[in-house]
file coords_20.csv (CSV, C-alpha atoms)
chain,number,residue,atom,x,y,z
A,160,MET,CA,1.3,-15.6,10.9
A,161,LYS,CA,5.0,-15.9,11.1
A,162,GLN,CA,7.8,-13.5,11.7
A,163,TRP,CA,11.2,-14.5,10.2
A,164,ASP,CA,14.7,-13.2,10.4
A,165,LEU,CA,16.7,-12.8,7.2
A,166,ASN,CA,18.6,-16.1,7.8
A,167,GLY,CA,15.3,-17.9,7.3
A,168,ASN,CA,14.6,-18.7,11.0
A,169,CYS,CA,11.1,-18.4,12.3
A,170,VAL,CA,11.3,-15.9,15.2
A,171,THR,CA,7.6,-15.6,16.2
A,172,GLU,CA,4.4,-17.3,15.4
A,173,ILE,CA,1.1,-15.7,16.0
A,174,ALA,CA,-2.0,-17.9,15.7
A,175,THR,CA,-5.0,-16.5,13.8
A,176,ASN,CA,-8.2,-18.3,12.9
A,177,GLY,CA,-8.9,-16.9,9.6
A,178,ARG,CA,-7.4,-16.7,6.1
A,179,LEU,CA,-5.2,-13.6,6.0
A,180,GLU,CA,-5.7,-11.7,2.8
A,181,ASP,CA,-3.4,-8.7,3.3
A,182,ILE,CA,-1.0,-7.3,5.9
A,183,ALA,CA,0.6,-4.0,6.5
A,184,LEU,CA,3.4,-2.9,8.8
A,185,SER,CA,3.4,0.6,10.4
A,186,PRO,CA,6.4,2.6,9.4
A,187,ASN,CA,7.3,3.1,13.1
A,188,GLY,CA,7.7,-0.7,13.3
A,189,ARG,CA,5.2,-0.9,16.2
A,190,TYR,CA,2.0,-2.3,14.6
A,191,LEU,CA,0.9,-4.9,12.2
A,192,ALA,CA,-2.5,-4.7,10.5
A,193,THR,CA,-4.1,-7.7,8.9
A,194,ILE,CA,-7.4,-8.3,7.1
A,195,ASP,CA,-8.9,-11.7,6.7
A,196,ASN,CA,-11.7,-13.6,4.9
A,197,LYS,CA,-14.0,-13.1,7.9
A,198,LYS,CA,-14.2,-9.3,7.4
A,199,ARG,CA,-12.0,-8.6,10.3
A,200,LEU,CA,-9.3,-5.9,10.6
A,201,SER,CA,-6.9,-7.0,13.3
A,202,ILE,CA,-4.2,-4.8,14.8
A,203,PHE,CA,-1.2,-6.5,16.5
A,204,ASP,CA,1.3,-4.9,18.7
A,205,LEU,CA,4.7,-6.2,17.7
A,206,ASP,CA,6.3,-5.2,21.0
A,207,ASP,CA,3.9,-7.4,23.0
A,208,ARG,CA,3.6,-9.9,20.1
A,209,ASP,CA,-0.1,-9.9,20.9
A,210,GLN,CA,-3.3,-8.9,19.2
A,211,ASP,CA,-4.3,-5.4,20.3
A,212,TYR,CA,-7.8,-5.3,18.9
A,213,GLN,CA,-10.0,-6.4,16.1
A,214,ILE,CA,-12.8,-4.7,14.2
A,215,VAL,CA,-15.4,-6.8,12.5
A,216,MET,CA,-16.7,-5.0,9.5
A,217,THR,CA,-20.5,-5.0,9.1
A,218,THR,CA,-20.5,-4.4,5.4
A,219,SER,CA,-21.8,-6.9,3.0
A,220,SER,CA,-18.6,-6.7,1.0
A,221,SER,CA,-15.5,-8.6,2.0
A,222,LEU,CA,-12.1,-6.9,2.5
A,223,ALA,CA,-9.5,-6.5,-0.2
A,224,SER,CA,-6.6,-4.5,1.1
A,225,VAL,CA,-5.0,-2.8,4.1
A,226,ALA,CA,-2.5,0.0,4.2
A,227,ILE,CA,-1.0,2.2,7.0
A,228,SER,CA,-0.2,5.9,6.6
A,229,ARG,CA,3.4,7.1,6.8
A,230,ASP,CA,2.8,8.7,10.2
A,231,SER,CA,1.6,5.3,11.5
A,232,LYS,CA,-1.6,6.9,12.8
A,233,THR,CA,-4.3,5.9,10.3
A,234,VAL,CA,-5.2,2.6,8.6
A,235,LEU,CA,-7.0,2.3,5.3
A,236,VAL,CA,-9.1,-0.8,4.6
A,237,GLY,CA,-10.2,-1.4,1.0
A,238,PHE,CA,-13.4,-3.4,0.3
A,239,LYS,CA,-14.2,-5.6,-2.7
A,240,ASP,CA,-17.2,-3.5,-3.7
A,241,GLY,CA,-15.0,-0.5,-4.2
A,242,GLU,CA,-15.4,1.4,-0.9
A,243,SER,CA,-12.4,2.3,1.3
A,244,LYS,CA,-12.6,3.2,5.0
A,245,LEU,CA,-10.2,5.1,7.0
A,246,PHE,CA,-9.7,4.4,10.8
A,247,ASN,CA,-7.6,6.1,13.5
A,248,MET,CA,-5.1,3.4,14.5
A,249,ARG,CA,-5.1,4.2,18.1
A,250,THR,CA,-8.7,5.1,18.9
A,251,LYS,CA,-10.3,2.8,16.4
A,252,ASP,CA,-12.6,5.7,15.3
A,253,HIS,CA,-13.9,5.5,11.8
A,254,LEU,CA,-12.7,8.7,10.2
A,255,ASN,CA,-14.0,8.6,6.6
A,256,THR,CA,-15.4,6.4,3.9
A,257,PHE,CA,-14.4,6.8,0.3
A,258,ILE,CA,-16.6,5.5,-2.5
A,259,GLY,CA,-14.6,4.0,-5.4
A,260,GLN,CA,-15.2,2.9,-8.9
A,261,GLU,CA,-16.0,-0.4,-10.5
A,262,HIS,CA,-14.7,-3.2,-8.4
A,263,THR,CA,-16.2,-6.6,-8.9
A,264,ASP,CA,-14.2,-9.6,-10.1
A,265,PHE,CA,-10.6,-8.7,-9.2
A,266,ILE,CA,-8.7,-7.7,-6.1
A,267,ILE,CA,-8.1,-3.9,-6.4
A,268,ARG,CA,-6.1,-2.2,-3.7
A,269,SER,CA,-6.5,1.3,-2.2
A,270,ALA,CA,-3.4,3.1,-0.8
A,271,PHE,CA,-2.2,6.4,0.6
A,272,GLY,CA,-0.5,8.9,-1.8
A,273,GLY,CA,0.7,12.4,-2.2
A,274,ALA,CA,2.8,14.5,0.2
A,275,GLN,CA,1.9,13.8,3.8
A,276,ASP,CA,-0.5,11.1,2.6
A,277,SER,CA,-3.0,13.8,1.5
A,278,PHE,CA,-4.8,11.4,-0.9
A,279,ILE,CA,-6.4,8.1,-1.0
A,280,THR,CA,-5.8,6.3,-4.3
A,281,SER,CA,-7.3,3.2,-5.7
A,282,GLY,CA,-7.2,1.1,-8.8
A,283,SER,CA,-10.3,0.4,-10.8
A,284,GLU,CA,-11.6,-2.0,-13.3
A,285,GLY,CA,-13.1,0.8,-15.4
A,286,THR,CA,-9.9,2.7,-16.2
A,287,ASN,CA,-6.2,2.2,-16.6
A,288,PHE,CA,-4.9,4.2,-13.7
A,289,ALA,CA,-5.4,5.0,-10.1
A,290,PHE,CA,-7.1,8.2,-9.0
A,291,PRO,CA,-8.3,9.6,-5.7
A,292,LEU,CA,-11.7,8.6,-4.5
A,293,VAL,CA,-14.7,10.7,-3.6
A,294,SER,CA,-14.9,11.3,0.1
A,295,LEU,CA,-18.5,10.8,1.4
A,296,ASP,CA,-17.8,13.1,4.3
A,297,THR,CA,-16.6,16.3,2.7
A,298,ASP,CA,-17.7,15.9,-0.9
A,299,LYS,CA,-14.2,16.3,-2.2
A,300,GLU,CA,-13.8,15.1,-5.7
A,301,CYS,CA,-11.1,15.4,-8.3
B,82,MET,CA,-1.0,22.2,19.7
B,83,THR,CA,-0.5,25.9,19.4
B,84,LEU,CA,-3.1,28.2,17.8
B,85,LEU,CA,-0.8,28.7,14.8
B,86,ASP,CA,-0.6,24.9,14.4
B,87,GLN,CA,-4.3,24.6,14.5
B,88,VAL,CA,-4.8,27.3,11.8
B,89,SER,CA,-2.1,25.7,9.7
B,90,GLU,CA,-3.9,22.3,9.9
B,91,ALA,CA,-7.2,23.9,9.1
B,92,GLN,CA,-5.7,25.5,6.0
B,93,VAL,CA,-4.3,22.2,4.8
B,94,ALA,CA,-7.5,20.3,5.5
B,95,SER,CA,-9.6,22.7,3.3
B,96,CYS,CA,-7.1,22.6,0.4
B,97,LEU,CA,-8.6,20.2,-2.2
B,98,TYR,CA,-5.4,19.4,-4.1
B,99,HIS,CA,-3.0,19.7,-1.2
B,100,ASN,CA,0.2,17.9,-2.2
B,101,ASN,CA,3.0,19.7,-0.4
B,102,GLU,CA,5.2,18.6,2.4
B,103,ASN,CA,5.8,22.1,3.8
B,104,LYS,CA,3.6,23.9,6.2
B,105,PRO,CA,1.7,26.7,4.4
B,106,SER,CA,2.5,30.3,5.0
B,107,LEU,CA,-0.2,32.0,7.0
B,108,LEU,CA,0.2,35.3,5.2
B,109,ARG,CA,-2.4,34.3,2.6
B,110,ASP,CA,-5.1,31.7,2.3
B,111,HIS,CA,-3.5,28.4,1.2
B,112,GLN,CA,-4.7,26.6,-2.0
B,113,CYS,CA,-2.6,24.1,-4.0
B,114,VAL,CA,-3.0,24.3,-7.7
B,115,GLY,CA,-4.6,21.3,-9.5
B,116,GLU,CA,-1.5,20.9,-11.7
B,117,ASN,CA,0.5,19.4,-8.8
B,118,PHE,CA,-2.0,16.6,-8.7
B,119,PRO,CA,-1.3,13.9,-11.3
B,120,PRO,CA,-4.6,13.1,-13.2
B,121,VAL,CA,-2.9,12.5,-16.6
B,122,LEU,CA,-1.5,9.2,-17.8
B,123,ILE,CA,2.1,9.7,-18.9
B,124,CYS,CA,3.0,6.2,-20.0
B,125,GLU,CA,2.1,2.6,-19.8
B,126,LEU,CA,4.7,-0.1,-18.9
B,127,GLN,CA,4.1,-3.2,-21.0
B,128,GLU,CA,7.0,-5.6,-20.3
B,129,HIS,CA,4.9,-8.1,-18.4
B,130,ASP,CA,3.2,-10.9,-20.4
B,131,ASP,CA,0.3,-11.3,-17.9
B,132,GLU,CA,-1.5,-9.7,-15.0
B,133,VAL,CA,0.6,-7.4,-12.9
B,134,TRP,CA,-0.3,-8.3,-9.3
B,135,ASN,CA,1.7,-5.8,-7.3
B,136,LEU,CA,4.3,-3.1,-7.5
B,137,GLN,CA,6.2,-0.8,-5.2
B,138,PHE,CA,8.6,2.1,-5.6
B,139,SER,CA,11.9,1.8,-3.7
B,140,ASN,CA,12.0,3.8,-0.5
B,141,ASP,CA,14.5,6.2,-2.0
B,142,GLY,CA,12.1,6.7,-5.0
B,143,SER,CA,14.7,5.8,-7.6
B,144,LEU,CA,13.3,2.4,-8.8
B,145,LEU,CA,10.1,0.6,-9.3
B,146,ALA,CA,9.7,-3.2,-8.8
B,147,SER,CA,6.7,-5.0,-10.4
B,148,CYS,CA,5.6,-8.6,-10.3
B,149,GLY,CA,2.8,-10.8,-11.5
B,150,ALA,CA,1.2,-13.8,-13.0
B,151,ASP,CA,4.0,-14.3,-15.6
B,152,GLY,CA,6.4,-15.1,-12.8
B,153,LEU,CA,8.6,-12.2,-13.5
B,154,VAL,CA,9.9,-9.5,-11.1
B,155,LEU,CA,11.0,-6.5,-13.1
B,156,LEU,CA,13.0,-3.5,-11.9
B,157,TRP,CA,12.4,-0.3,-13.7
B,158,ASN,CA,14.5,2.9,-13.7
B,159,LEU,CA,12.4,6.0,-13.5
B,160,ASP,CA,14.2,8.3,-16.0
B,161,GLU,CA,13.1,6.4,-19.0
B,162,PHE,CA,10.6,4.1,-17.3
B,163,GLU,CA,12.6,1.2,-18.7
B,164,ALA,CA,12.7,-2.3,-17.3
B,165,PHE,CA,16.5,-2.8,-16.8
B,166,LEU,CA,16.5,-6.0,-14.9
B,167,SER,CA,14.4,-9.1,-14.3
B,168,LEU,CA,15.2,-11.0,-11.0
B,169,GLN,CA,16.5,-14.4,-12.0
B,170,MET,CA,14.1,-17.0,-10.7
B,171,GLU,CA,15.3,-20.6,-10.5
B,172,GLU,CA,12.7,-22.1,-12.8
B,173,PRO,CA,14.4,-23.4,-16.0
B,174,ASP,CA,11.5,-23.3,-18.3
B,175,GLY,CA,8.8,-20.8,-19.0
B,176,ALA,CA,5.9,-23.0,-18.0
B,177,THR,CA,7.2,-23.5,-14.5
B,178,ARG,CA,8.0,-19.9,-14.1
B,179,VAL,CA,4.4,-18.9,-15.0
B,180,ALA,CA,3.0,-21.6,-12.7
B,181,ASN,CA,4.9,-19.8,-9.9
B,182,GLY,CA,3.4,-16.3,-10.4
B,183,VAL,CA,4.9,-13.7,-8.1
B,184,VAL,CA,2.2,-12.3,-5.9
B,185,LYS,CA,4.1,-9.6,-4.1
B,186,ALA,CA,7.5,-7.9,-4.3
B,187,VAL,CA,8.5,-5.4,-1.5
B,188,TRP,CA,11.6,-3.4,-0.7
B,189,SER,CA,13.2,-3.4,2.7
B,190,PRO,CA,13.1,0.0,4.4
B,191,ASN,CA,16.8,0.6,3.5
B,192,ASP,CA,16.2,-0.8,-0.1
B,193,LYS,CA,19.0,-3.3,0.5
B,194,TRP,CA,16.7,-6.3,-0.1
B,195,ILE,CA,13.6,-7.2,-2.1
B,196,LEU,CA,11.3,-9.8,-0.7
B,197,THR,CA,9.1,-11.8,-3.1
B,198,SER,CA,6.3,-14.2,-2.4
B,199,SER,CA,5.1,-16.5,-5.1
B,200,LEU,CA,2.7,-19.3,-5.9
B,201,ASP,CA,5.4,-21.9,-5.2
B,202,LYS,CA,4.7,-21.1,-1.6
B,203,ARG,CA,8.2,-19.5,-1.1
B,204,VAL,CA,9.3,-16.2,0.2
B,205,LYS,CA,12.6,-15.2,-1.4
B,206,VAL,CA,15.1,-12.6,-0.2
B,207,TRP,CA,17.0,-10.8,-3.0
B,208,ASP,CA,20.1,-8.7,-2.4
B,209,THR,CA,19.8,-5.6,-4.4
B,210,ASP,CA,23.6,-4.7,-4.2
B,211,VAL,CA,24.5,-7.6,-6.4
B,212,ARG,CA,21.5,-7.1,-8.6

call {"tool": "encode", "arguments": {"input": "coords_20.csv", "output": "structure tokens"}}
result
Amino acid sequence: MKQWDLNGNCVTEIATNGRLEDIALSPNGRYLATIDNKKRLSIFDLDDRDQDYQIVMTTSSSLASVAISRDSKTVLVGFKDGESKLFNMRTKDHLNTFIGQEHTDFIIRSAFGGAQDSFITSGSEGTNFAFPLVSLDTDKEC
Amino acid sequence: MTLLDQVSEAQVASCLYHNNENKPSLLRDHQCVGENFPPVLICELQEHDDEVWNLQFSNDGSLLASCGADGLVLLWNLDEFEAFLSLQMEEPDGATRVANGVVKAVWSPNDKWILTSSLDKRVKVWDTDVR
């Protein structure tokens, strides 16, 4: 993983031992989240330029996307089977799991949406537009 | 957190369609209407010739950038949802352009630059002032 300045100079290089599939930067500029082909979510502290921690997902499905909320407090990981999981960035607690729609051959991303990131949205192979997912925890459905 | 903050958060947490930046008034139970939530397709943007791989609104919310397998990066205005600009890639012919599909296009936090990454293994920085 490389960090560049806008003149094209490589400023930092952080070695990782997987194929990075997606990255997300926290809006407060402090953290970098990456997901790789070994089902790992890694959080890097950009001040220390070092890996903070890593969560290895135990799901059978591999990872498709990663996004960080506007308040830089939660990280959303999308899985290839359509599920999305929400984690507290600081405590690593798993906050919620959202079951999604058809999601087999293509990379489909999940993201935060709405005022104050009230919703989780995701694309789908079954329909033409993104819509919020059903939360397993609270049975919310739209 | 004060007691009032806790009540406010609890009201927001139990609101199914909550989509409001403001703290709810505590004079009545808070419930957002479903109409503020967008479940209806209003238009389809069809300028791309091939798979659209990524898109992002500008941070000021005025423009949309989309990119994909056809090697194009399109900028859309949000009044008419019209593609008013295509970032000029170097490739002279259509075949090379398509071979260099653009995987991701992102706006800098101040919307001054757009970064694109493409299958030609290059990350390109675009100045949005010059367009």

call {"tool": "closest_residue", "arguments": {"input": "coords_20.csv", "among": "A:Ser269, A:Asn168, A:Asn196, A:Asn255", "to": "Ile227 of chain A", "atoms": "only C-alpha atoms"}}
result
A:Ser269

call {"tool": "interface_residues", "arguments": {"input": "coords_20.csv", "of": "chain B", "to": "chain A", "cutoff": "7 Å", "atoms": "all atoms listed in the file", "output": "PyMOL selection string"}}
result
chain B and resi 97+99-102+120

call {"tool": "closest_residue", "arguments": {"input": "coords_20.csv", "among": "A:Arg208, A:Thr233, A:Thr175, A:Ala226", "to": "Arg189 of chain A", "atoms": "all atoms listed in the file"}}
result
A:Arg208

call {"tool": "closest_residue", "arguments": {"input": "coords_20.csv", "among": "A:Ser221, A:Thr250, A:Ser185, A:Thr280", "to": "Phe238 of chain A", "atoms": "all atoms listed in the file"}}
result
A:Ser221

call {"tool": "residues_near_point", "arguments": {"input": "coords_20.csv", "point": "(1.4, -7.4, 20.1)", "cutoff": "12 Å", "atoms": "only C-alpha atoms", "output": "number ranges by chain"}}
result
A: 171-174, 188-192, 201-212

call {"tool": "residues_near_point", "arguments": {"input": "coords_20.csv", "point": "(-18.2, -12.0, 9.0)", "cutoff": "12 Å", "atoms": "only C-alpha atoms", "output": "ChimeraX atom specification"}}
result
/A:177,194-200,214-222

call {"tool": "write_last_selection", "arguments": {"input": "coords_20.csv", "atoms": "C-alpha atoms", "output": "short mmCIF file (atom, residue, chain, number, x, y, z; two decimals), in the frame of the given file"}}
result
data_model
loop_
_atom_site.label_atom_id
_atom_site.label_comp_id
_atom_site.auth_asym_id
_atom_site.auth_seq_id
_atom_site.Cartn_x
_atom_site.Cartn_y
_atom_site.Cartn_z
CA GLY A 177 -8.90 -16.90 9.60
CA ILE A 194 -7.40 -8.30 7.10
CA ASP A 195 -8.90 -11.70 6.70
CA ASN A 196 -11.70 -13.60 4.90
CA LYS A 197 -14.00 -13.10 7.90
CA LYS A 198 -14.20 -9.30 7.40
CA ARG A 199 -12.00 -8.60 10.30
CA LEU A 200 -9.30 -5.90 10.60
CA ILE A 214 -12.80 -4.70 14.20
CA VAL A 215 -15.40 -6.80 12.50
CA MET A 216 -16.70 -5.00 9.50
CA THR A 217 -20.50 -5.00 9.10
CA THR A 218 -20.50 -4.40 5.40
CA SER A 219 -21.80 -6.90 3.00
CA SER A 220 -18.60 -6.70 1.00
CA SER A 221 -15.50 -8.60 2.00
CA LEU A 222 -12.10 -6.90 2.50
#

call {"tool": "atom_distance", "arguments": {"input": "coords_20.csv", "atom1": "atom CA of Leu153 of chain B", "atom2": "atom CA of Asp181 of chain A"}}
result
20.9 Å

call {"tool": "atom_distance", "arguments": {"input": "coords_20.csv", "atom1": "atom CA of Leu108 of chain B", "atom2": "atom CA of Asp230 of chain A"}}
result
27.2 Å

call {"tool": "atom_distance", "arguments": {"input": "coords_20.csv", "atom1": "atom CA of Cys148 of chain B", "atom2": "atom CA of Val183 of chain B"}}
result
5.6 Å

call {"tool": "residues_around", "arguments": {"input": "coords_20.csv", "residues": "Gln112 of chain B", "least_positions_apart": "3", "cutoff": "9 Å", "atoms": "all atoms listed in the file", "output": "list in words"}}
result
Gln92, Val93, Ser95, Cys96, Leu97, Tyr98 and His99 of chain B

call {"tool": "closest_residue", "arguments": {"input": "coords_20.csv", "among": "B:Ser189, B:Asn158, B:Ser147, B:Ser106", "to": "Leu184 of chain A", "atoms": "all atoms listed in the file"}}
result
B:Ser189
